[in-house]
Amino acid sequence: MLLPRFEYHQPASLDEAVEVLGQYAGEAAVLAGGTDLLVNMKHQAMAPSHLVSLAGVEGLDQASADGGRVTVGPLMSAAVLAQSEFIAANAGALALGAAVLGSPQVRTRATVGGNVCNARPAADMSVPLLALGARAVLTGPDGQRQVDLEEFFVGPGQTVRAPGELLSALEMDAPAPGTGWGYQKLGLRKALEISLVNVAAALSLEDDGKTIKAARVALGAVAPTPILAPGAAEVLVGQAAGGDVFKAAGQKAAADAKPIDDHRGSAWYRREMVAVLTARALNQAWARAQGQ
Amino acid sequence: MEKIRIELTVNGKQHDLLVAPNRTLAQTLREDLRLTGTKQGCEVGDCGSCTVLLDDVPVNSCLVLAVQAAGRRVTTIEGLAQGNELHPIQEAMIQHGAIQCGFCTPGMILSAKALLDRNPDPDAGEIKDALSGNLCRCTGYQKIVEAVQDAAAKMGRD
């Protein structure tokens, strides 16, 4: 299977990357890990005449914390994110999702920025990022703008990113003390799988170690984009954490889901599984929030 | 389509190459360098036959452009044996009958090598996880997992 022809650009800075991208906007694609882009090009689903590789831009593959804000570089690979102690402590849901994406060989290449920009409804890193309340930092010819991730995704494969813009960072608030995360992926096999349903949860407890202070539940593969389940978060906040309230949140999440029937599973089954997986993800998050 | 000059270190040997940007690392290894031990199966990153180590981590070489590997170190199956002496994983694969048609074997062995280089004493679950991106369509995986366990034990003793 041959790749179509294209011109290759490897800018050495973010400014230069934006410039090159602007020059060929509409005909250019951004190359990060290539595990989706090159597959789509081989399948002739895409035929960009220019590829702009980010490999030469320094600093895009680092994570940092600064003044209550956590920044994740878009070129960080799933393998690096899955093994990073910093990510496990500051954005744990992302580490959990990254660890089960694709296969070991895909994880060494696939980047978080690519996963977000490809905007697949079941994306293993996008769903956790939504639960983490992440924001996409877009850099374009007119400077930077920030978009909440729930507004970033528009439809399958579609985002608000303009052709001349680059995803230059993912940002989120640093986790409050007593925060834990869960991620549950349901597929028919353990590797190289696109989820039938995936659920990410973030849970923060009050100082008493029991009362839920804040919660976010994100769902994958049950709508045209990864979505939040606001109904689930609503029933959780102010309640004592535990099985019953998690079950109730699962029911609310199932109501928030908008699944369809497809070759991976029926809408009915997906909705049932949203309830089950949400309760499991919350239990997992609760255990971690208590420091277990 | 302008060709690009790259330097590539393959199995310890440095190569100076002129490659088209749409050439994958797998194509370059097989067709330009004649290292046909790297197999191409699905060519879209699902099967793992084309697995090579890029700076010691396993990648599907069908989904890496040759230009993306510029300046980096590549290890292919041809780089494992020392002269006439096979690598312990290669030896164990033969002894355990873990090879039938052999098409998945080079990728399987390189994924196993990447695992054993960072975790010399993995359990069966860790081996299965490490090989989960390499598909064998002949039979199953039991003998392959046993071969890697055996190789790990032998390498630990040496």
# chains A, B, ... in the order shown; residues from 1 in each chain; ligands from 1
>>> interface_residues(of="chain A", to="chain B", cutoff="12 Å", atoms="only C-alpha atoms", output="number ranges by chain")
A: 1-10, 31-43, 47-56, 77, 79-80, 99-110, 189-194
>>> select_by_dssp(residues="region 56-281 of chain A", states="strand (DSSP E or B)", output="PyMOL selection string")
chain A and resi 63-66+69-72+77+111+135-140+143-148+153-155+158-159+166-173+179-186+197-205+211-220+227-228+240+262+265
>>> atom_distance(atom1="CA of Gly178 (chain A)", atom2="CA of Phe86 (chain A)")
16.2 Å
>>> residues_around(residues="Met76 (chain A)", least_positions_apart="2", cutoff="9 Å", atoms="only C-alpha atoms", output="list in words")
Leu60, Asp61, Gln62, Ala63, Val72, Gly73, Pro74, Ala78, Ala79, Val80, Leu81, Arg109, Ala110, Thr111, Val112 and Gly113 of chain A
>>> write_last_selection(atoms="C-alpha atoms", output="mmCIF file, in the first residue's frame")
data_model
loop_
_atom_site.group_PDB
_atom_site.id
_atom_site.type_symbol
_atom_site.label_atom_id
_atom_site.label_comp_id
_atom_site.auth_asym_id
_atom_site.auth_seq_id
_atom_site.Cartn_x
_atom_site.Cartn_y
_atom_site.Cartn_z
ATOM 1 C CA LEU A 60 5.914 20.247 22.385
ATOM 2 C CA ASP A 61 6.687 16.905 24.021
ATOM 3 C CA GLN A 62 6.880 18.075 27.626
ATOM 4 C CA ALA A 63 4.417 18.345 30.497
ATOM 5 C CA VAL A 72 0.491 18.716 28.460
ATOM 6 C CA GLY A 73 2.524 18.979 25.266
ATOM 7 C CA PRO A 74 0.613 17.780 22.190
ATOM 8 C CA ALA A 78 0.671 7.582 24.534
ATOM 9 C CA ALA A 79 3.549 5.396 25.764
ATOM 10 C CA VAL A 80 5.227 8.333 27.513
ATOM 11 C CA LEU A 81 1.947 9.548 29.035
ATOM 12 C CA ARG A 109 4.147 6.858 18.059
ATOM 13 C CA ALA A 110 0.579 8.095 18.649
ATOM 14 C CA THR A 111 0.443 11.526 20.253
ATOM 15 C CA VAL A 112 -2.148 13.117 22.500
ATOM 16 C CA GLY A 113 -2.428 16.100 20.147
#
>>> residues_around(residues="region 87-101 of chain B", least_positions_apart="6", cutoff="10 Å", atoms="only C-alpha atoms", output="PyMOL selection string")
chain B and resi 77+79-81+108-110+112-113+116+136-155
>>> residues_around(residues="Lys247 (chain A)", least_positions_apart="3", cutoff="9 Å", atoms="only C-alpha atoms", output="PyMOL selection string")
chain A and resi 242-244+250-252+275-276+278-280
>>> residues_around(residues="region 138-151 of chain A", least_positions_apart="5", cutoff="7 Å", atoms="only C-alpha atoms", output="list of chain:residue names")
A:Val18, A:Leu130, A:Gly164, A:Glu165, A:Leu166, A:Leu167, A:Ser168, A:Ile227
>>> residues_around(residues="region 196-209 of chain A", least_positions_apart="6", cutoff="8 Å", atoms="only C-alpha atoms", output="JSON, numbers by chain")
{"A": [93, 122, 124, 127, 128, 131, 132, 176, 177, 178, 179, 180, 181, 182, 183, 184, 185, 186, 187, 188, 215, 216, 217, 218, 219, 220, 221, 222, 264, 265, 270, 273, 274, 277, 278, 281, 282, 285, 286, 289, 290]}
>>> write_last_selection(atoms="N, CA and C atoms", output="compact mmCIF listing (two decimals), in the first residue's frame")
# COMPACT_ATOMS: atom_id res chain seq x y z
N ALA A 93 -6.35 10.46 34.67
CA ALA A 93 -7.26 9.84 33.70
C ALA A 93 -6.58 9.70 32.34
N ALA A 122 -14.57 7.77 19.99
CA ALA A 122 -14.14 6.81 21.01
C ALA A 122 -12.70 7.02 21.45
N ASP A 124 -9.24 7.28 22.95
CA ASP A 124 -8.84 6.88 24.30
C ASP A 124 -8.18 7.99 25.11
N VAL A 127 -11.39 11.30 25.63
CA VAL A 127 -12.44 11.11 26.64
C VAL A 127 -11.89 11.43 28.04
N PRO A 128 -10.71 10.88 28.41
CA PRO A 128 -10.13 11.29 29.70
C PRO A 128 -9.88 12.80 29.81
N ALA A 131 -12.92 14.60 30.80
CA ALA A 131 -13.20 14.43 32.24
C ALA A 131 -12.27 15.31 33.08
N LEU A 132 -11.08 15.58 32.55
CA LEU A 132 -10.12 16.42 33.27
C LEU A 132 -10.40 17.91 33.09
N ALA A 176 -7.33 19.23 42.63
CA ALA A 176 -7.45 19.55 44.06
C ALA A 176 -6.99 18.34 44.86
N PRO A 177 -6.54 18.56 46.11
CA PRO A 177 -6.21 17.41 46.95
C PRO A 177 -7.45 16.51 47.07
N GLY A 178 -7.24 15.21 47.16
CA GLY A 178 -8.38 14.30 47.27
C GLY A 178 -9.09 14.05 45.96
N THR A 179 -8.33 14.15 44.86
CA THR A 179 -8.91 13.88 43.54
C THR A 179 -8.43 12.52 43.03
N GLY A 180 -9.34 11.79 42.42
CA GLY A 180 -8.96 10.51 41.80
C GLY A 180 -9.61 10.39 40.45
N TRP A 181 -9.09 9.44 39.64
CA TRP A 181 -9.59 9.28 38.29
C TRP A 181 -9.86 7.82 37.96
N GLY A 182 -10.80 7.61 37.08
CA GLY A 182 -11.06 6.26 36.60
C GLY A 182 -11.22 6.28 35.09
N TYR A 183 -10.90 5.15 34.46
CA TYR A 183 -11.12 5.02 33.02
C TYR A 183 -11.51 3.59 32.73
N GLN A 184 -12.60 3.42 32.03
CA GLN A 184 -13.10 2.09 31.70
C GLN A 184 -13.34 2.01 30.20
N LYS A 185 -12.75 0.99 29.60
CA LYS A 185 -12.88 0.80 28.15
C LYS A 185 -13.51 -0.55 27.91
N LEU A 186 -14.56 -0.58 27.14
CA LEU A 186 -15.20 -1.84 26.80
C LEU A 186 -15.01 -2.11 25.32
N GLY A 187 -14.36 -3.24 25.02
CA GLY A 187 -14.20 -3.65 23.63
C GLY A 187 -14.34 -5.15 23.56
N LEU A 188 -14.19 -5.69 22.38
CA LEU A 188 -14.32 -7.13 22.21
C LEU A 188 -12.99 -7.84 22.40
N ALA A 215 -17.24 16.53 40.43
CA ALA A 215 -17.18 15.31 39.62
C ALA A 215 -17.38 15.65 38.16
N ARG A 216 -16.68 14.94 37.32
CA ARG A 216 -16.89 15.04 35.87
C ARG A 216 -16.86 13.65 35.29
N VAL A 217 -17.85 13.35 34.46
CA VAL A 217 -17.92 12.05 33.79
C VAL A 217 -17.96 12.32 32.28
N ALA A 218 -17.07 11.67 31.54
CA ALA A 218 -17.04 11.83 30.08
C ALA A 218 -17.28 10.48 29.42
N LEU A 219 -17.99 10.52 28.30
CA LEU A 219 -18.39 9.29 27.61
C LEU A 219 -17.85 9.28 26.18
N GLY A 220 -17.42 8.09 25.75
CA GLY A 220 -16.95 7.94 24.37
C GLY A 220 -17.78 6.92 23.62
N ALA A 221 -17.85 7.07 22.32
CA ALA A 221 -18.52 6.13 21.40
C ALA A 221 -20.03 6.10 21.57
N VAL A 222 -20.60 7.11 22.23
CA VAL A 222 -22.06 7.13 22.39
C VAL A 222 -22.66 8.44 21.88
N ARG A 264 -20.42 -2.26 15.73
CA ARG A 264 -19.75 -2.61 16.99
C ARG A 264 -20.74 -2.98 18.08
N GLY A 265 -21.95 -2.43 18.01
CA GLY A 265 -22.91 -2.75 19.05
C GLY A 265 -24.19 -1.94 18.87
N ARG A 270 -25.19 -0.26 24.30
CA ARG A 270 -24.25 0.81 24.66
C ARG A 270 -24.78 1.61 25.86
N MET A 273 -24.37 -0.29 28.97
CA MET A 273 -22.96 -0.34 29.37
C MET A 273 -22.45 0.99 29.90
N VAL A 274 -23.02 2.08 29.41
CA VAL A 274 -22.64 3.40 29.96
C VAL A 274 -22.93 3.41 31.46
N LEU A 277 -20.31 1.02 33.21
CA LEU A 277 -18.94 1.51 33.16
C LEU A 277 -18.77 2.81 33.95
N THR A 278 -19.81 3.64 33.96
CA THR A 278 -19.74 4.89 34.73
C THR A 278 -19.58 4.56 36.22
N ALA A 281 -16.05 3.28 36.73
CA ALA A 281 -15.04 4.34 36.63
C ALA A 281 -15.07 5.21 37.89
N LEU A 282 -16.27 5.45 38.42
CA LEU A 282 -16.38 6.27 39.63
C LEU A 282 -15.80 5.52 40.84
N ALA A 285 -12.13 5.83 40.54
CA ALA A 285 -11.71 7.19 40.89
C ALA A 285 -11.78 7.40 42.41
N TRP A 286 -12.81 6.84 43.01
CA TRP A 286 -13.00 7.00 44.47
C TRP A 286 -11.84 6.35 45.23
N ALA A 289 -8.95 8.54 44.90
CA ALA A 289 -9.12 9.80 45.64
C ALA A 289 -8.83 9.59 47.13
N GLN A 290 -9.09 8.37 47.61
CA GLN A 290 -8.80 8.07 49.01
C GLN A 290 -7.36 7.63 49.21
>>> select_by_dssp(residues="chain B", states="helix (DSSP H, G or I)", output="PyMOL selection string")
chain B and resi 25-32+61-63+66-69+77-79+88-95+105-118+124-130+142-157
